[in-house]
2 protein chains.
Amino acid sequence: MIYPTIQSERLWRSLMEMAEIGQTSGGGVCRLALTDEDLAARELFVKWCEDARLTIRVDELGNIFARRAGSDLYAPPVMTGSHLDTQPLGGRFDGVYGVLAGLEVARTLNDAKIETTHPIDVVVWTNEEGSRFPAGCMGSAVFAGQRDLDVMLNLTDADGYSVKDELKRIGFDGPEKCGNVSIKALYEAHIEQGPILENASKTIGVVMSAQGLRCFWVHVSGIEGHAGTLPMDKRRDAFQGAARMAVAIDNLANTFVPHPVITIGVVNVGPGSRSTIPGTTSFMIDCRCPDEQGLNELEDEIKIICKGIAKTRGLEINIEMISKITPITFNKDCINSIRNAAEKRKLEHQDISSGAGHDACHVSFIAPVGMIFIPCEHGISHNETEYASPSDITAGAQVLFDVVVGAAKLE
Amino acid sequence: MIYPTIQSERLWRSLMEMAEIGQTSGGGVCRLALTDEDLAARELFVKWCEDARLTIRVDELGNIFARRAGSDLYAPPVMTGSHLDTQPLGGRFDGVYGVLAGLEVARTLNDAKIETTHPIDVVVWTNEEGSRFPAGCMGSAVFAGQRDLDVMLNLTDADGYSVKDELKRIGFDGPEKCGNVSIKALYEAHIEQGPILENASKTIGVVMSAQGLRCFWVHVSGIEGHAGTLPMDKRRDAFQGAARMAVAIDNLANTFVPHPVITIGVVNVGPGSRSTIPGTTSFMIDCRCPDEQGLNELEDEIKIICKGIAKTRGLEINIEMISKITPITFNKDCINSIRNAAEKRKLEHQDISSGAGHDACHVSFIAPVGMIFIPCEHGISHNETEYASPSDITAGAQVLFDVVVGAAKLE
């Protein structure tokens, strides 16, 4: 049987309508988790699902499951979805594309009056970005047993509001337990958030794996001093030490194999006065690599670099690991089904490793999981100018339709 | 005639009593300009001056002049003094030592019942630190015609309070015009704020000159990106560019002759997210050198370094000069009088250049000026642990007494 085609225009229209919620002056979206904007987005999604005769369930962490029933009451669901929350200056596609592509799968099945054996759950995971509450992929990680529910519920944002209270406030503290669900398979469609597919002129990225991550705080302490009076050779300038560490770590990232990405995005220089030699500098290292062995070696190298520079320059140093994610390899059958679907639809595709973490990575610990990437313009994401073309949006959603329906089995 | 000796204990007691105003838990002082603490310090100073039968005048910028009359009504005054304001976490000696050593000169003359030909003005300059209102040496610079009075009066602190309103609030918006005064000579005693005298085991620093300063903002712009997905070779990381500039500038400072000091004390990385490649980094360069030619060369070199690195790394750069102070050479006669006084008192001394800016530097544009340094422990200043020993405090005040009285002439 030839699978029906999705309705490109309906999907694009839904994406654009959803992007109005929390839209920014720069053409992007600010929809932080569990804010009024997130609530509005959830309500619009629920309304659309109800229009499509899906049944809504919400779990205790606010994850939403919109079910299109299957013919077999006892068959585990095929899941698909992503997240509706964004970065503070995020784009119109990161996350929401996977959710609305999932909804489009259900809508297309409705249009074609097709029944599946397995139910299909379109899922919205809570707080994937980790921008407001500092634990990314919160909903999916707890669902998959990778994080502790109570710890997450008690996390607070910068203003002291807890996840628990904010869930209650917006009415998404659902009655269902989070997790402990049997799943046939899960597929997530997402923009690549990098330039690889665009540079290779491919439409579909068959995601083989997701990088692991280790994140560290490096705290460097020297001695404060007067900028005008302390001779250069008497200084213990914490920032100058940190700058040398940053450069050496960047050089490491550029030469290490297999190619990691290392980013220093947070730098705090104290006391932060023009005329005072910095006594302290703390910076965060975000280090990602496709394999665990590489991460181990990088961690060792980073520590050697930082400690060596600190020793040479008479500085104290304290390195603290704050986050660790194991590299993920996706399910072979799921990978094959995505590659086959792209082939059948005559879409240019290539295997790819995910640079970012995704909800699907967490679920892969408890179920067969596959991910579909589509290009995003110039590889730019987490940015108001983030863009994916309607034709790529359509292509990815069509592949998603084919693999989800394939797993859910036609009656 | 043998000059009388100052009363060490009285001077130390006054310093410690003054240090109680605005004292911090770490043993330092927080007495920002024109705050209630500054007011309390001014009031205590005025009370002590009145007890010593000095006549108080206050000018329109809050500079205080406490005069011990001379026998010649038409003779220009010999001035001595410094400032009572401190850094947010400052010490007990920076500034206040020069003021109270000046007061001790007047008290000692009273004790000895000595009259001078020239009047002696003990002066307190407003807002030397520039911590609260961003213009250091404000009082002395306007007095000497180096800054504009109205611009200074309208400067505001971080909370929007203006110098003008705060002067009025504390009652130190005096009736006298600021400046246009004929001065016989001005001497300022100050802690060195650096380690040179201590390392050389000298008690008195005969200050020959004061470094010039050029201060720049360097604004580096790259392109933000996702820390997990943008390959290293596609990045335009503003912080990585800035870190390389910082290291190169530090290396320049360590090798350049005559020895400058260059400090990067303020660094702002944007957007400041762990998982976002920095799109912007701004940092301040505080560059000081004893001569103008050196400053010119350093400015050129710094620009070449920053622009070169920006170009190589595909970054935009904007360099903005925000402050410029010409190097000062102090008056030869004043220098000689200080050196001679140290010799006569058998105090170990050496010639020295001031690394910091001081009120005396500004006054040197309109009058013969000399500065006396004493050691401060480990060269630490602008810090709660700042310390100068009672014996060095005494030595510096004695030299100050001798040169001030020498200039004011005994009857």
# chains A, B, ... in the order shown; residues from 1 in each chain; ligands from 1
>>> residues_around(residues="stretch 24-40 of chain A", least_positions_apart="4", cutoff="9 Å", atoms="only C-alpha atoms", output="number ranges by chain")
A: 19-20, 44-45, 62, 84-92, 126-133, 163, 166-167, 169-172, 383-386
>>> closest_residue(among="A:Ile2, A:Val261, A:Leu54, A:Met245", to="A:Ile304", atoms="only C-alpha atoms")
A:Met245
>>> select_by_dssp(residues="stretch 306-340 of chain A", states="strand (DSSP E)", output="list in words")
Glu316, Ile317, Asn318, Ile319, Glu320, Met321, Ile322, Ser323, Lys324, Ile325, Ile328 and Thr329 of chain A
>>> select_by_dssp(residues="stretch 168-286 of chain A", states="helix (DSSP H, G or I)", output="list in words")
Lys168, Arg169, Ile170, Ile196, Leu197, Glu198, Asn199, Ala200, Met232, Asp233, Lys234, Ala238, Phe239, Gln240, Gly241, Ala242, Ala243, Arg244, Met245, Ala246, Val247, Ala248, Ile249, Asp250, Asn251, Leu252, Ala253, Asn254 and Thr255 of chain A
>>> residues_around(residues="A:Lys344", least_positions_apart="4", cutoff="12 Å", atoms="only C-alpha atoms", output="count of residues only")
13
>>> residues_around(residues="stretch 276-281 of chain A", least_positions_apart="2", cutoff="8 Å", atoms="only C-alpha atoms", output="ChimeraX atom specification")
/A:219-227,235-239,242,267-274,283 /B:263-265,382
>>> write_last_selection(atoms="C-alpha atoms", output="mmCIF file, in the first residue's frame")
data_model
loop_
_atom_site.group_PDB
_atom_site.id
_atom_site.type_symbol
_atom_site.label_atom_id
_atom_site.label_comp_id
_atom_site.auth_asym_id
_atom_site.auth_seq_id
_atom_site.Cartn_x
_atom_site.Cartn_y
_atom_site.Cartn_z
ATOM 1 C CA HIS A 219 37.116 28.187 39.317
ATOM 2 C CA VAL A 220 40.451 30.012 39.149
ATOM 3 C CA SER A 221 41.695 32.084 42.096
ATOM 4 C CA GLY A 222 44.613 34.468 42.116
ATOM 5 C CA ILE A 223 45.212 37.612 44.136
ATOM 6 C CA GLU A 224 43.465 40.921 43.600
ATOM 7 C CA GLY A 225 45.660 43.933 43.186
ATOM 8 C CA HIS A 226 45.783 47.538 42.041
ATOM 9 C CA ALA A 227 45.953 47.783 38.250
ATOM 10 C CA ARG A 235 50.726 39.448 39.559
ATOM 11 C CA ARG A 236 48.524 36.441 40.078
ATOM 12 C CA ASP A 237 45.829 37.444 37.632
ATOM 13 C CA ALA A 238 43.017 34.885 37.622
ATOM 14 C CA PHE A 239 41.587 36.055 34.304
ATOM 15 C CA ALA A 242 41.678 31.497 32.605
ATOM 16 C CA VAL A 267 32.776 33.580 32.082
ATOM 17 C CA ASN A 268 32.611 35.457 35.395
ATOM 18 C CA VAL A 269 35.532 37.733 36.247
ATOM 19 C CA GLY A 270 35.757 39.067 39.795
ATOM 20 C CA PRO A 271 35.677 41.628 41.228
ATOM 21 C CA GLY A 272 34.984 43.047 37.760
ATOM 22 C CA SER A 273 36.554 46.448 38.251
ATOM 23 C CA ARG A 274 38.572 48.245 35.584
ATOM 24 C CA PHE A 283 34.123 29.671 33.515
ATOM 25 C CA THR B 263 45.100 44.936 33.205
ATOM 26 C CA ILE B 264 41.920 43.385 31.846
ATOM 27 C CA GLY B 265 39.562 43.561 34.811
ATOM 28 C CA HIS B 382 41.930 48.595 47.257
#
>>> residues_around(residues="stretch 326-330 of chain B", least_positions_apart="5", cutoff="10 Å", atoms="only C-alpha atoms", output="list of chain:residue names")
B:Val207, B:Met208, B:Ser209, B:Ala210, B:Gln211, B:Gly212, B:Leu213, B:Arg214, B:Arg288, B:Cys289, B:Pro290, B:Asp291, B:Glu292, B:Gln293, B:Leu295, B:Ile335, B:Ser353, B:Ser354, B:Gly357, B:Ala360, B:Cys361, B:His362, B:Ser364, B:Phe365, B:Ala367, B:Pro368, B:Val369, B:Gly370, B:Met371
>>> write_last_selection(atoms="N, CA, C and O atoms", output="short mmCIF file (atom, residue, chain, number, x, y, z; two decimals), in the first residue's frame")
data_model
loop_
_atom_site.label_atom_id
_atom_site.label_comp_id
_atom_site.auth_asym_id
_atom_site.auth_seq_id
_atom_site.Cartn_x
_atom_site.Cartn_y
_atom_site.Cartn_z
N VAL B 207 58.40 60.46 45.18
CA VAL B 207 57.67 60.20 43.94
C VAL B 207 58.12 61.18 42.85
O VAL B 207 57.96 62.39 42.99
N MET B 208 58.71 60.64 41.80
CA MET B 208 59.25 61.45 40.71
C MET B 208 58.18 61.76 39.67
O MET B 208 58.21 62.81 39.04
N SER B 209 57.30 60.82 39.47
CA SER B 209 56.38 60.91 38.33
C SER B 209 55.16 60.04 38.61
O SER B 209 55.15 59.27 39.57
N ALA B 210 54.15 60.19 37.78
CA ALA B 210 52.99 59.31 37.87
C ALA B 210 52.70 58.81 36.47
O ALA B 210 52.75 59.57 35.49
N GLN B 211 52.42 57.51 36.40
CA GLN B 211 52.15 56.91 35.10
C GLN B 211 50.99 57.58 34.39
O GLN B 211 50.04 58.02 35.02
N GLY B 212 51.06 57.59 33.07
CA GLY B 212 49.90 57.96 32.29
C GLY B 212 49.03 56.74 32.09
O GLY B 212 49.47 55.61 32.33
N LEU B 213 47.80 56.97 31.67
CA LEU B 213 46.85 55.87 31.49
C LEU B 213 46.07 56.04 30.20
O LEU B 213 45.71 57.15 29.81
N ARG B 214 45.84 54.92 29.56
CA ARG B 214 44.84 54.90 28.47
C ARG B 214 43.95 53.70 28.74
O ARG B 214 44.44 52.59 28.99
N ARG B 288 48.83 51.39 31.58
CA ARG B 288 49.55 52.50 32.22
C ARG B 288 51.04 52.39 31.95
O ARG B 288 51.60 51.29 31.92
N CYS B 289 51.67 53.54 31.77
CA CYS B 289 53.08 53.58 31.40
C CYS B 289 53.65 54.92 31.87
O CYS B 289 52.94 55.93 31.84
N PRO B 290 54.92 54.95 32.32
CA PRO B 290 55.45 56.20 32.84
C PRO B 290 55.65 57.29 31.79
O PRO B 290 55.78 58.46 32.16
N ASP B 291 55.72 56.95 30.50
CA ASP B 291 55.92 58.04 29.53
C ASP B 291 54.95 57.99 28.35
O ASP B 291 54.44 56.94 27.97
N GLU B 292 54.74 59.17 27.80
CA GLU B 292 53.75 59.37 26.75
C GLU B 292 54.10 58.58 25.48
O GLU B 292 53.23 57.99 24.85
N GLN B 293 55.38 58.59 25.15
CA GLN B 293 55.84 57.87 23.96
C GLN B 293 55.51 56.37 24.10
O GLN B 293 55.02 55.74 23.16
N LEU B 295 53.12 55.09 25.90
CA LEU B 295 51.66 54.93 25.79
C LEU B 295 51.22 54.93 24.33
O LEU B 295 50.36 54.14 23.93
N ILE B 335 60.40 67.60 44.83
CA ILE B 335 61.08 66.30 44.92
C ILE B 335 62.32 66.41 45.80
O ILE B 335 62.54 65.60 46.70
N SER B 353 58.12 55.83 40.85
CA SER B 353 57.08 56.39 39.98
C SER B 353 55.74 55.87 40.51
O SER B 353 55.64 54.72 40.94
N SER B 354 54.74 56.72 40.51
CA SER B 354 53.45 56.29 41.02
C SER B 354 52.71 55.47 39.97
O SER B 354 52.53 55.92 38.84
N GLY B 357 46.82 56.83 39.88
CA GLY B 357 46.54 58.26 39.76
C GLY B 357 46.23 58.82 41.13
O GLY B 357 45.74 58.10 42.00
N ALA B 360 47.08 64.70 43.69
CA ALA B 360 48.26 65.54 43.49
C ALA B 360 48.65 65.62 42.02
O ALA B 360 49.18 66.64 41.56
N CYS B 361 48.40 64.54 41.25
CA CYS B 361 48.76 64.55 39.83
C CYS B 361 48.02 65.67 39.10
O CYS B 361 48.59 66.37 38.26
N HIS B 362 46.75 65.82 39.44
CA HIS B 362 45.96 66.86 38.77
C HIS B 362 46.41 68.24 39.17
O HIS B 362 46.58 69.14 38.33
N SER B 364 49.21 69.14 39.97
CA SER B 364 50.54 69.45 39.42
C SER B 364 50.47 70.27 38.13
O SER B 364 51.45 70.84 37.70
N PHE B 365 49.29 70.31 37.51
CA PHE B 365 49.14 71.13 36.31
C PHE B 365 49.10 72.63 36.64
O PHE B 365 49.33 73.46 35.77
N ALA B 367 50.32 73.94 39.97
CA ALA B 367 51.13 74.34 41.13
C ALA B 367 52.31 73.39 41.28
O ALA B 367 52.30 72.29 40.75
N PRO B 368 53.36 73.81 42.02
CA PRO B 368 54.46 72.90 42.35
C PRO B 368 53.94 71.82 43.31
O PRO B 368 53.37 72.15 44.34
N VAL B 369 54.13 70.57 42.93
CA VAL B 369 53.54 69.47 43.70
C VAL B 369 54.59 68.38 43.97
O VAL B 369 55.43 68.10 43.11
N GLY B 370 54.53 67.83 45.16
CA GLY B 370 55.35 66.67 45.50
C GLY B 370 54.53 65.62 46.20
O GLY B 370 53.52 65.93 46.84
N MET B 371 54.95 64.35 46.04
CA MET B 371 54.25 63.25 46.73
C MET B 371 55.22 62.40 47.51
O MET B 371 56.34 62.13 47.08
#
>>> atom_distance(atom1="atom CA of A:His378", atom2="atom CA of A:Pro134")
27.7 Å
>>> residues_around(residues="A:Phe373", least_positions_apart="4", cutoff="9 Å", atoms="only C-alpha atoms", output="ChimeraX atom specification")
/A:188-193,197,203-207,352,354,396
>>> write_last_selection(atoms="N, CA, C and O atoms", output="PDB file, in the first residue's frame")
ATOM      1  N   GLU A 188      11.408  10.983  16.796  1.00  0.00           N
ATOM      2  CA  GLU A 188      11.353  12.439  16.979  1.00  0.00           C
ATOM      3  C   GLU A 188      11.931  13.106  15.738  1.00  0.00           C
ATOM      4  O   GLU A 188      13.035  12.772  15.288  1.00  0.00           O
ATOM      5  N   ALA A 189      11.170  14.038  15.173  1.00  0.00           N
ATOM      6  CA  ALA A 189      11.669  14.855  14.065  1.00  0.00           C
ATOM      7  C   ALA A 189      12.160  16.180  14.648  1.00  0.00           C
ATOM      8  O   ALA A 189      11.534  16.743  15.550  1.00  0.00           O
ATOM      9  N   HIS A 190      13.266  16.674  14.125  1.00  0.00           N
ATOM     10  CA  HIS A 190      13.865  17.885  14.698  1.00  0.00           C
ATOM     11  C   HIS A 190      14.716  18.571  13.637  1.00  0.00           C
ATOM     12  O   HIS A 190      15.237  17.911  12.743  1.00  0.00           O
ATOM     13  N   ILE A 191      14.838  19.885  13.746  1.00  0.00           N
ATOM     14  CA  ILE A 191      15.831  20.558  12.892  1.00  0.00           C
ATOM     15  C   ILE A 191      17.223  20.166  13.385  1.00  0.00           C
ATOM     16  O   ILE A 191      17.429  19.909  14.566  1.00  0.00           O
ATOM     17  N   GLU A 192      18.186  20.147  12.447  1.00  0.00           N
ATOM     18  CA  GLU A 192      19.525  19.675  12.801  1.00  0.00           C
ATOM     19  C   GLU A 192      20.200  20.579  13.836  1.00  0.00           C
ATOM     20  O   GLU A 192      20.945  20.107  14.679  1.00  0.00           O
ATOM     21  N   GLN A 193      19.956  21.867  13.748  1.00  0.00           N
ATOM     22  CA  GLN A 193      20.612  22.869  14.611  1.00  0.00           C
ATOM     23  C   GLN A 193      22.101  22.975  14.342  1.00  0.00           C
ATOM     24  O   GLN A 193      22.852  23.502  15.168  1.00  0.00           O
ATOM     25  N   LEU A 197      23.852  19.124   7.188  1.00  0.00           N
ATOM     26  CA  LEU A 197      22.953  18.747   6.088  1.00  0.00           C
ATOM     27  C   LEU A 197      22.916  19.836   5.017  1.00  0.00           C
ATOM     28  O   LEU A 197      22.965  19.543   3.822  1.00  0.00           O
ATOM     29  N   THR A 203      18.449  16.462   2.473  1.00  0.00           N
ATOM     30  CA  THR A 203      17.163  16.852   3.048  1.00  0.00           C
ATOM     31  C   THR A 203      16.888  16.151   4.371  1.00  0.00           C
ATOM     32  O   THR A 203      16.282  16.724   5.271  1.00  0.00           O
ATOM     33  N   ILE A 204      17.315  14.897   4.453  1.00  0.00           N
ATOM     34  CA  ILE A 204      17.023  14.092   5.647  1.00  0.00           C
ATOM     35  C   ILE A 204      18.324  13.636   6.306  1.00  0.00           C
ATOM     36  O   ILE A 204      19.205  13.080   5.633  1.00  0.00           O
ATOM     37  N   GLY A 205      18.424  13.889   7.597  1.00  0.00           N
ATOM     38  CA  GLY A 205      19.529  13.338   8.375  1.00  0.00           C
ATOM     39  C   GLY A 205      19.030  12.110   9.123  1.00  0.00           C
ATOM     40  O   GLY A 205      18.066  12.202   9.886  1.00  0.00           O
ATOM     41  N   VAL A 206      19.648  10.962   8.868  1.00  0.00           N
ATOM     42  CA  VAL A 206      19.311   9.735   9.593  1.00  0.00           C
ATOM     43  C   VAL A 206      20.213   9.715  10.821  1.00  0.00           C
ATOM     44  O   VAL A 206      21.425   9.507  10.708  1.00  0.00           O
ATOM     45  N   VAL A 207      19.609   9.978  11.981  1.00  0.00           N
ATOM     46  CA  VAL A 207      20.445  10.197  13.165  1.00  0.00           C
ATOM     47  C   VAL A 207      20.881   8.856  13.750  1.00  0.00           C
ATOM     48  O   VAL A 207      20.060   8.045  14.168  1.00  0.00           O
ATOM     49  N   ILE A 352      24.002  10.858  10.278  1.00  0.00           N
ATOM     50  CA  ILE A 352      24.497  12.027  10.994  1.00  0.00           C
ATOM     51  C   ILE A 352      24.491  11.707  12.486  1.00  0.00           C
ATOM     52  O   ILE A 352      23.750  10.834  12.944  1.00  0.00           O
ATOM     53  N   SER A 354      23.941  13.458  16.256  1.00  0.00           N
ATOM     54  CA  SER A 354      23.340  14.668  16.809  1.00  0.00           C
ATOM     55  C   SER A 354      24.315  15.389  17.721  1.00  0.00           C
ATOM     56  O   SER A 354      24.877  14.786  18.640  1.00  0.00           O
ATOM     57  N   GLY A 396      10.618  16.060   6.127  1.00  0.00           N
ATOM     58  CA  GLY A 396      10.851  15.407   7.417  1.00  0.00           C
ATOM     59  C   GLY A 396       9.569  14.847   8.003  1.00  0.00           C
ATOM     60  O   GLY A 396       9.552  13.738   8.564  1.00  0.00           O
TER      61      GLY A 396
END
>>> residues_around(residues="B:Arg147", least_positions_apart="5", cutoff="10 Å", atoms="only C-alpha atoms", output="list in words")
Ala135, Cys137, Met138, Gly139, Ser140, Ala141, Val142, Met152 and His362 of chain B
>>> atom_distance(atom1="atom CA of B:Val123", atom2="atom CA of B:Phe65")
4.6 Å
